[in-house]
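For reference, input_30.cif (mmCIF, C-alpha atoms):
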data_coords
#
loop_
_atom_site.group_PDB
_atom_site.id
_atom_site.type_symbol
_atom_site.label_atom_id
_atom_site.label_comp_id
_atom_site.auth_asym_id
_atom_site.auth_seq_id
_atom_site.Cartn_x
_atom_site.Cartn_y
_atom_site.Cartn_z
ATOM 1 C CA LEU A 1 -9.927 1.849 -5.490
ATOM 2 C CA ALA A 2 -12.192 0.003 -3.086
ATOM 3 C CA HIS A 3 -14.751 -0.754 -5.789
ATOM 4 C CA ARG A 4 -12.160 -2.822 -7.703
ATOM 5 C CA ALA A 5 -11.162 -4.850 -4.689
ATOM 6 C CA GLY A 6 -13.747 -7.580 -4.598
ATOM 7 C CA LYS A 7 -12.743 -11.075 -3.639
ATOM 8 C CA THR A 8 -9.211 -11.532 -4.819
ATOM 9 C CA LEU A 9 -6.636 -14.238 -4.475
ATOM 10 C CA LEU A 10 -3.392 -13.329 -2.817
ATOM 11 C CA PRO A 11 -0.778 -12.797 -5.527
ATOM 12 C CA GLU A 12 2.244 -15.073 -5.511
ATOM 13 C CA LEU A 13 5.628 -13.373 -5.782
ATOM 14 C CA VAL A 14 7.522 -14.776 -8.753
ATOM 15 C CA VAL A 15 10.470 -14.101 -11.006
ATOM 16 C CA ASP A 16 9.925 -14.922 -14.669
ATOM 17 C CA ALA A 17 12.448 -16.666 -16.936
ATOM 18 C CA SER A 18 13.982 -13.283 -17.847
ATOM 19 C CA GLY A 19 14.599 -12.398 -14.211
ATOM 20 C CA HIS A 20 11.788 -9.820 -13.963
ATOM 21 C CA GLY A 21 9.960 -9.649 -10.649
ATOM 22 C CA GLY A 22 6.217 -9.613 -10.505
ATOM 23 C CA VAL A 23 3.177 -11.445 -9.303
ATOM 24 C CA SER A 24 1.243 -14.422 -10.489
ATOM 25 C CA VAL A 25 -2.487 -14.668 -9.873
ATOM 26 C CA GLU A 26 -4.184 -17.817 -11.057
ATOM 27 C CA GLY A 27 -1.178 -18.537 -13.289
ATOM 28 C CA VAL A 28 -1.166 -15.123 -14.989
ATOM 29 C CA PHE A 29 2.156 -13.260 -14.588
ATOM 30 C CA ARG A 30 2.187 -9.489 -14.200
ATOM 31 C CA LYS A 31 5.561 -7.799 -14.359
ATOM 32 C CA LEU A 32 6.160 -5.141 -11.744
ATOM 33 C CA GLU A 33 7.544 -2.161 -13.594
ATOM 34 C CA PRO A 34 10.428 -0.470 -11.788
ATOM 35 C CA CYS A 35 9.477 2.697 -9.949
ATOM 36 C CA ASP A 36 12.025 5.014 -8.383
ATOM 37 C CA ASP A 37 9.538 7.795 -7.604
ATOM 38 C CA PRO A 38 5.928 6.986 -6.687
ATOM 39 C CA GLY A 39 5.092 10.671 -7.108
ATOM 40 C CA SER A 40 5.765 10.364 -10.838
ATOM 41 C CA ILE A 41 2.882 7.909 -11.319
ATOM 42 C CA PRO A 42 -0.687 9.223 -11.678
ATOM 43 C CA PRO A 43 -2.710 8.243 -8.573
ATOM 44 C CA GLU A 44 -5.102 6.068 -10.601
ATOM 45 C CA ASP A 45 -2.195 4.062 -12.041
ATOM 46 C CA TYR A 46 -0.587 3.796 -8.619
ATOM 47 C CA GLU A 47 -3.828 2.476 -7.135
ATOM 48 C CA THR A 48 -3.913 -0.171 -9.865
ATOM 49 C CA ARG A 49 -0.297 -1.070 -9.107
ATOM 50 C CA LEU A 50 -1.104 -1.575 -5.419
ATOM 51 C CA PHE A 51 -4.281 -3.475 -6.199
ATOM 52 C CA ASP A 52 -2.500 -5.826 -8.605
ATOM 53 C CA PHE A 53 0.551 -6.386 -6.457
ATOM 54 C CA LEU A 54 -1.026 -6.643 -2.999
ATOM 55 C CA GLY A 55 -4.289 -8.408 -3.762
ATOM 56 C CA CYS A 56 -6.146 -7.078 -0.697
ATOM 57 C CA GLY A 57 -9.871 -7.197 -0.262
ATOM 58 C CA ARG A 58 -12.226 -4.233 -0.308
ATOM 59 C CA ASP A 59 -12.220 -3.991 3.484
ATOM 60 C CA VAL A 60 -8.500 -3.178 3.566
ATOM 61 C CA TYR A 61 -8.947 -0.235 1.206
ATOM 62 C CA VAL A 62 -11.895 1.099 3.193
ATOM 63 C CA ILE A 63 -9.829 0.905 6.384
ATOM 64 C CA ALA A 64 -6.890 2.613 4.632
ATOM 65 C CA LEU A 65 -9.090 5.512 3.530
ATOM 66 C CA THR A 66 -10.424 5.737 7.082
ATOM 67 C CA TYR A 67 -6.852 6.076 8.353
ATOM 68 C CA LEU A 68 -6.206 8.947 5.954
ATOM 69 C CA ASP A 69 -9.444 10.617 7.018
ATOM 70 C CA ARG A 70 -8.426 10.257 10.680
ATOM 71 C CA LEU A 71 -5.025 11.703 9.865
ATOM 72 C CA PHE A 72 -6.552 14.872 8.471
ATOM 73 C CA GLN A 73 -8.988 15.136 11.381
ATOM 74 C CA LYS A 74 -6.265 14.701 14.003
ATOM 75 C CA CYS A 75 -3.736 16.891 12.198
ATOM 76 C CA PRO A 76 -5.682 19.609 10.354
ATOM 77 C CA ASP A 77 -2.446 21.413 9.443
ATOM 78 C CA PHE A 78 -1.004 18.295 7.806
ATOM 79 C CA THR A 79 -0.704 18.830 4.072
ATOM 80 C CA LEU A 80 0.321 16.487 1.305
ATOM 81 C CA GLY A 81 2.307 17.577 -1.668
ATOM 82 C CA HIS A 82 1.309 16.213 -5.068
ATOM 83 C CA ARG A 83 4.328 13.918 -5.088
ATOM 84 C CA ASP A 84 3.505 12.513 -1.604
ATOM 85 C CA VAL A 85 -0.075 11.336 -2.171
ATOM 86 C CA ASN A 86 0.924 7.900 -3.422
ATOM 87 C CA ARG A 87 3.428 7.368 -0.616
ATOM 88 C CA TRP A 88 0.784 8.025 2.053
ATOM 89 C CA LEU A 89 -1.748 5.885 0.186
ATOM 90 C CA LEU A 90 0.758 3.015 0.174
ATOM 91 C CA THR A 91 1.431 3.471 3.868
ATOM 92 C CA SER A 92 -2.233 3.569 4.849
ATOM 93 C CA VAL A 93 -3.029 0.488 2.736
ATOM 94 C CA ILE A 94 -0.178 -1.493 4.267
ATOM 95 C CA LEU A 95 -1.086 -0.507 7.822
ATOM 96 C CA ALA A 96 -4.691 -1.503 7.132
ATOM 97 C CA MET A 97 -3.515 -4.770 5.614
ATOM 98 C CA LYS A 98 -1.296 -5.529 8.587
ATOM 99 C CA TRP A 99 -4.049 -4.682 11.049
ATOM 100 C CA ARG A 100 -6.680 -6.707 9.162
ATOM 101 C CA THR A 101 -4.813 -9.844 8.116
ATOM 102 C CA GLU A 102 -3.176 -12.626 10.061
ATOM 103 C CA VAL A 103 0.564 -12.333 10.534
ATOM 104 C CA CYS A 104 1.180 -15.543 8.592
ATOM 105 C CA ASP A 105 -0.635 -14.072 5.557
ATOM 106 C CA GLN A 106 1.515 -10.952 5.404
ATOM 107 C CA TYR A 107 4.428 -10.258 3.124
ATOM 108 C CA PRO A 108 7.746 -8.960 4.466
ATOM 109 C CA ASP A 109 8.191 -5.174 4.469
ATOM 110 C CA GLU A 110 10.586 -5.463 1.512
ATOM 111 C CA HIS A 111 7.663 -6.667 -0.601
ATOM 112 C CA TYR A 112 5.533 -3.669 0.366
ATOM 113 C CA ALA A 113 8.385 -1.263 -0.338
ATOM 114 C CA MET A 114 8.997 -2.846 -3.752
ATOM 115 C CA ALA A 115 5.288 -2.698 -4.615
ATOM 116 C CA GLY A 116 5.204 0.971 -3.668
ATOM 117 C CA GLY A 117 8.408 1.912 -5.440
ATOM 118 C CA VAL A 118 10.124 3.155 -2.295
ATOM 119 C CA THR A 119 13.162 1.983 -0.404
ATOM 120 C CA LEU A 120 12.691 -0.183 2.645
ATOM 121 C CA GLU A 121 14.069 2.643 4.773
ATOM 122 C CA GLU A 122 11.541 5.140 3.367
ATOM 123 C CA PHE A 123 8.689 2.676 3.771
ATOM 124 C CA CYS A 124 9.546 2.012 7.430
ATOM 125 C CA SER A 125 9.857 5.742 8.048
ATOM 126 C CA LEU A 126 6.451 6.458 6.467
ATOM 127 C CA GLU A 127 4.870 3.628 8.418
ATOM 128 C CA SER A 128 6.322 4.926 11.695
ATOM 129 C CA GLN A 129 5.248 8.492 10.941
ATOM 130 C CA LEU A 130 1.681 7.494 10.151
ATOM 131 C CA LEU A 131 1.413 5.357 13.286
ATOM 132 C CA VAL A 132 2.581 8.259 15.429
ATOM 133 C CA LEU A 133 0.295 10.768 13.688
ATOM 134 C CA LEU A 134 -2.671 8.406 14.217
ATOM 135 C CA GLY A 135 -1.712 7.968 17.870
ATOM 136 C CA TRP A 136 -1.285 4.232 17.194
ATOM 137 C CA GLU A 137 -5.082 3.976 16.869
ATOM 138 C CA LEU A 138 -5.642 1.405 14.147
ATOM 139 C CA HIS A 139 -8.892 -0.084 15.442
#

Spit out the file's structure as structure tokens when you get a sec.
Amino acid sequence: LAHRAGKTLLPELVVDASGHGGVSVEGVFRKLEPCDDPGSIPPEDYETRLFDFLGCGRDVYVIALTYLDRLFQKCPDFTLGHRDVNRWLLTSVILAMKWRTEVCDQYPDEHYAMAGGVTLEEFCSLESQLLVLLGWELH
């Protein structure tokens, strides 16, 4: 994922003439396909979804992978089910994005939940869980 995240422009949230939500980067609209279960999407496709919809730089993805590595070091008994991998990837990317970017450049949590195909409640729960498991150590 990190190798695809060179210098990117921040996507603009838009709704097309048909009412479909998506993003526009340099005038090109990409529809965000509905997703009720992130676990149903192959990880490679989910990574592309996050990359397209969030528009983060390479550094954010490197930090996110570092968070996941720390998680497994701090909690060696922590296991991920196949259907949870994408959820934890989303959470680590968003925490890295929030830690790395200025507050004024961040989207609201609803945007992150929509991009990840989870409810706002589930997103906030995942974010809280990961922060606690990492001991709030995001530096």

Exactly which residues make up the result of the PyMOL selection byres ((chain A and resi 133-137) around 8) on this file, given as a list of chain:residue names?
->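 Output from the PyMOL selection byres ((chain A and resi 133-137) around 8), applied to this file: A:Tyr67, A:Arg70, A:Leu71, A:Lys74, A:Cys75, A:Gln129, A:Leu130, A:Leu131, A:Val132, A:Leu138, A:His139.
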
From A:Val60, A:Ile41, A:Leu80, A:Val118, residue lying nearest A:Ser92 [all atoms listed in the file] | A:Val60

Could you tell me which of A:Trp88, A:Trp99, A:Tyr61, A:Phe53 comes closest to A:His111 if we count only C-alpha atoms?
->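 Nearest candidate to A:His111 out of A:Trp88, A:Trp99, A:Tyr61, A:Phe53: A:Phe53.
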
Atom-to-atom span, atom CA of A:Ala115 and atom CA of A:Arg58, Å | 18.1 Å

Between A:Ala64, A:Leu54, A:Cys124, A:Ala17, which is the closest to A:Val93 once you count only C-alpha atoms?
->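 Answer, going by the shortest atom-to-atom distance: A:Ala64.
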
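For the pair atom CA of A:Ser40 and atom CA of A:Arg83, the separation is 6.9 Å.
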
Nearest residue to A:Ala113 from the set A:Thr66, A:Arg100, A:Tyr46, A:Arg87 (distances using all atoms listed in the file) |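 Answer, going by the shortest atom-to-atom distance: A:Arg87.
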
Long-range neighbours of A:Phe123 as a PyMOL selection string, 8 Å cut-off, all atoms listed in the file, 6 positions minimum in chain = chain A and resi 91+109+112-113

Can those selected residues be exported to a file as a compact mmCIF listing (two decimals), keeping the file's coordinate frame so that it contains C-alpha atoms?
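What ended up in result29.txt:
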# COMPACT_ATOMS: atom_id res chain seq x y z
CA THR A 91 1.43 3.47 3.87
CA ASP A 109 8.19 -5.17 4.47
CA TYR A 112 5.53 -3.67 0.37
CA ALA A 113 8.38 -1.26 -0.34

Smallest atom-to-atom distance to A:Ile63: which of A:Leu126, A:Met97, A:Cys35, A:Leu120, using all atoms listed in the file?
->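 Selected residue with least distance to A:Ile63: A:Met97.
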
May I ask for the distance between atom CA of A:Leu90 and atom CA of A:Ser18, given in Å to one decimal place?
->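 That distance, rounded to one decimal, is 27.7 Å.
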
Nearest-residue call for A:Asp37, choices A:Ala96, A:Gln73, A:Val85, A:Cys56, using only C-alpha atoms |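 When distances to A:Asp37 are compared using only C-alpha atoms, the smallest one comes from A:Val85.
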
Filled-in all heavy atoms of stretch 65-76 of chain A, supplied as a PDB file, keeping the file's coordinate frame:
ATOM      1  N   LEU A  65      -8.524   4.174   3.741  1.00  0.00           N
ATOM      2  CA  LEU A  65      -9.090   5.512   3.530  1.00  0.00           C
ATOM      3  C   LEU A  65      -9.570   6.116   4.845  1.00  0.00           C
ATOM      4  O   LEU A  65      -9.476   7.330   5.052  1.00  0.00           O
ATOM      5  CB  LEU A  65     -10.211   5.454   2.501  1.00  0.00           C
ATOM      6  CG  LEU A  65      -9.753   5.059   1.093  1.00  0.00           C
ATOM      7  CD1 LEU A  65     -10.958   4.892   0.168  1.00  0.00           C
ATOM      8  CD2 LEU A  65      -8.769   6.058   0.524  1.00  0.00           C
ATOM      9  N   THR A  66     -10.031   5.266   5.747  1.00  0.00           N
ATOM     10  CA  THR A  66     -10.424   5.737   7.082  1.00  0.00           C
ATOM     11  C   THR A  66      -9.212   6.278   7.827  1.00  0.00           C
ATOM     12  O   THR A  66      -9.292   7.309   8.498  1.00  0.00           O
ATOM     13  CB  THR A  66     -11.088   4.593   7.883  1.00  0.00           C
ATOM     14  OG1 THR A  66     -12.234   4.140   7.164  1.00  0.00           O
ATOM     15  CG2 THR A  66     -11.499   5.052   9.268  1.00  0.00           C
ATOM     16  N   TYR A  67      -8.078   5.588   7.708  1.00  0.00           N
ATOM     17  CA  TYR A  67      -6.852   6.076   8.353  1.00  0.00           C
ATOM     18  C   TYR A  67      -6.465   7.461   7.829  1.00  0.00           C
ATOM     19  O   TYR A  67      -6.079   8.343   8.595  1.00  0.00           O
ATOM     20  CB  TYR A  67      -5.689   5.112   8.127  1.00  0.00           C
ATOM     21  CG  TYR A  67      -5.783   3.801   8.858  1.00  0.00           C
ATOM     22  CD1 TYR A  67      -4.960   2.750   8.503  1.00  0.00           C
ATOM     23  CD2 TYR A  67      -6.680   3.591   9.899  1.00  0.00           C
ATOM     24  CE1 TYR A  67      -5.013   1.526   9.161  1.00  0.00           C
ATOM     25  CE2 TYR A  67      -6.749   2.370  10.553  1.00  0.00           C
ATOM     26  CZ  TYR A  67      -5.915   1.345  10.176  1.00  0.00           C
ATOM     27  OH  TYR A  67      -5.968   0.139  10.815  1.00  0.00           O
ATOM     28  N   LEU A  68      -6.550   7.635   6.520  1.00  0.00           N
ATOM     29  CA  LEU A  68      -6.206   8.947   5.954  1.00  0.00           C
ATOM     30  C   LEU A  68      -7.181  10.013   6.423  1.00  0.00           C
ATOM     31  O   LEU A  68      -6.782  11.144   6.733  1.00  0.00           O
ATOM     32  CB  LEU A  68      -6.158   8.866   4.427  1.00  0.00           C
ATOM     33  CG  LEU A  68      -5.018   8.015   3.866  1.00  0.00           C
ATOM     34  CD1 LEU A  68      -5.131   7.913   2.351  1.00  0.00           C
ATOM     35  CD2 LEU A  68      -3.657   8.579   4.281  1.00  0.00           C
ATOM     36  N   ASP A  69      -8.451   9.671   6.506  1.00  0.00           N
ATOM     37  CA  ASP A  69      -9.444  10.617   7.018  1.00  0.00           C
ATOM     38  C   ASP A  69      -9.130  10.993   8.463  1.00  0.00           C
ATOM     39  O   ASP A  69      -9.164  12.165   8.837  1.00  0.00           O
ATOM     40  CB  ASP A  69     -10.842  10.008   6.897  1.00  0.00           C
ATOM     41  CG  ASP A  69     -11.925  10.990   7.281  1.00  0.00           C
ATOM     42  OD1 ASP A  69     -11.955  12.100   6.691  1.00  0.00           O
ATOM     43  OD2 ASP A  69     -12.752  10.663   8.165  1.00  0.00           O
ATOM     44  N   ARG A  70      -8.801   9.996   9.283  1.00  0.00           N
ATOM     45  CA  ARG A  70      -8.426  10.257  10.680  1.00  0.00           C
ATOM     46  C   ARG A  70      -7.198  11.151  10.761  1.00  0.00           C
ATOM     47  O   ARG A  70      -7.104  12.027  11.625  1.00  0.00           O
ATOM     48  CB  ARG A  70      -8.105   8.954  11.402  1.00  0.00           C
ATOM     49  CG  ARG A  70      -9.278   8.181  11.837  1.00  0.00           C
ATOM     50  CD  ARG A  70      -8.793   7.012  12.685  1.00  0.00           C
ATOM     51  NE  ARG A  70      -9.819   6.013  12.776  1.00  0.00           N
ATOM     52  CZ  ARG A  70      -9.624   4.793  13.231  1.00  0.00           C
ATOM     53  NH1 ARG A  70      -8.417   4.417  13.623  1.00  0.00           N
ATOM     54  NH2 ARG A  70     -10.607   3.932  13.302  1.00  0.00           N
ATOM     55  N   LEU A  71      -6.243  10.900   9.886  1.00  0.00           N
ATOM     56  CA  LEU A  71      -5.025  11.703   9.865  1.00  0.00           C
ATOM     57  C   LEU A  71      -5.357  13.180   9.690  1.00  0.00           C
ATOM     58  O   LEU A  71      -4.874  14.033  10.432  1.00  0.00           O
ATOM     59  CB  LEU A  71      -4.100  11.232   8.743  1.00  0.00           C
ATOM     60  CG  LEU A  71      -2.883  12.093   8.438  1.00  0.00           C
ATOM     61  CD1 LEU A  71      -1.935  12.146   9.626  1.00  0.00           C
ATOM     62  CD2 LEU A  71      -2.171  11.569   7.201  1.00  0.00           C
ATOM     63  N   PHE A  72      -6.215  13.478   8.734  1.00  0.00           N
ATOM     64  CA  PHE A  72      -6.552  14.872   8.471  1.00  0.00           C
ATOM     65  C   PHE A  72      -7.430  15.468   9.564  1.00  0.00           C
ATOM     66  O   PHE A  72      -7.386  16.673   9.807  1.00  0.00           O
ATOM     67  CB  PHE A  72      -7.200  15.014   7.092  1.00  0.00           C
ATOM     68  CG  PHE A  72      -6.236  14.729   5.977  1.00  0.00           C
ATOM     69  CD1 PHE A  72      -6.435  13.653   5.135  1.00  0.00           C
ATOM     70  CD2 PHE A  72      -5.116  15.509   5.791  1.00  0.00           C
ATOM     71  CE1 PHE A  72      -5.541  13.369   4.117  1.00  0.00           C
ATOM     72  CE2 PHE A  72      -4.199  15.241   4.783  1.00  0.00           C
ATOM     73  CZ  PHE A  72      -4.418  14.165   3.949  1.00  0.00           C
ATOM     74  N   GLN A  73      -8.199  14.647  10.251  1.00  0.00           N
ATOM     75  CA  GLN A  73      -8.988  15.136  11.381  1.00  0.00           C
ATOM     76  C   GLN A  73      -8.103  15.427  12.584  1.00  0.00           C
ATOM     77  O   GLN A  73      -8.275  16.438  13.261  1.00  0.00           O
ATOM     78  CB  GLN A  73     -10.069  14.128  11.762  1.00  0.00           C
ATOM     79  CG  GLN A  73     -11.205  14.056  10.772  1.00  0.00           C
ATOM     80  CD  GLN A  73     -12.238  13.022  11.162  1.00  0.00           C
ATOM     81  OE1 GLN A  73     -12.279  12.542  12.298  1.00  0.00           O
ATOM     82  NE2 GLN A  73     -13.085  12.652  10.214  1.00  0.00           N
ATOM     83  N   LYS A  74      -7.157  14.532  12.853  1.00  0.00           N
ATOM     84  CA  LYS A  74      -6.265  14.701  14.003  1.00  0.00           C
ATOM     85  C   LYS A  74      -5.219  15.785  13.772  1.00  0.00           C
ATOM     86  O   LYS A  74      -4.752  16.412  14.716  1.00  0.00           O
ATOM     87  CB  LYS A  74      -5.554  13.382  14.326  1.00  0.00           C
ATOM     88  CG  LYS A  74      -6.423  12.354  14.981  1.00  0.00           C
ATOM     89  CD  LYS A  74      -5.589  11.103  15.285  1.00  0.00           C
ATOM     90  CE  LYS A  74      -6.403  10.142  16.089  1.00  0.00           C
ATOM     91  NZ  LYS A  74      -5.873   9.928  17.410  1.00  0.00           N
ATOM     92  N   CYS A  75      -4.818  15.954  12.535  1.00  0.00           N
ATOM     93  CA  CYS A  75      -3.736  16.891  12.198  1.00  0.00           C
ATOM     94  C   CYS A  75      -4.225  17.825  11.083  1.00  0.00           C
ATOM     95  O   CYS A  75      -3.805  17.669   9.925  1.00  0.00           O
ATOM     96  CB  CYS A  75      -2.509  16.137  11.747  1.00  0.00           C
ATOM     97  SG  CYS A  75      -1.940  14.868  12.893  1.00  0.00           S
ATOM     98  N   PRO A  76      -5.101  18.765  11.406  1.00  0.00           N
ATOM     99  CA  PRO A  76      -5.682  19.609  10.354  1.00  0.00           C
ATOM    100  C   PRO A  76      -4.652  20.434   9.573  1.00  0.00           C
ATOM    101  O   PRO A  76      -4.926  20.853   8.451  1.00  0.00           O
ATOM    102  CB  PRO A  76      -6.665  20.507  11.097  1.00  0.00           C
ATOM    103  CG  PRO A  76      -6.385  20.327  12.542  1.00  0.00           C
ATOM    104  CD  PRO A  76      -5.600  19.089  12.724  1.00  0.00           C
TER     105      PRO A  76
END
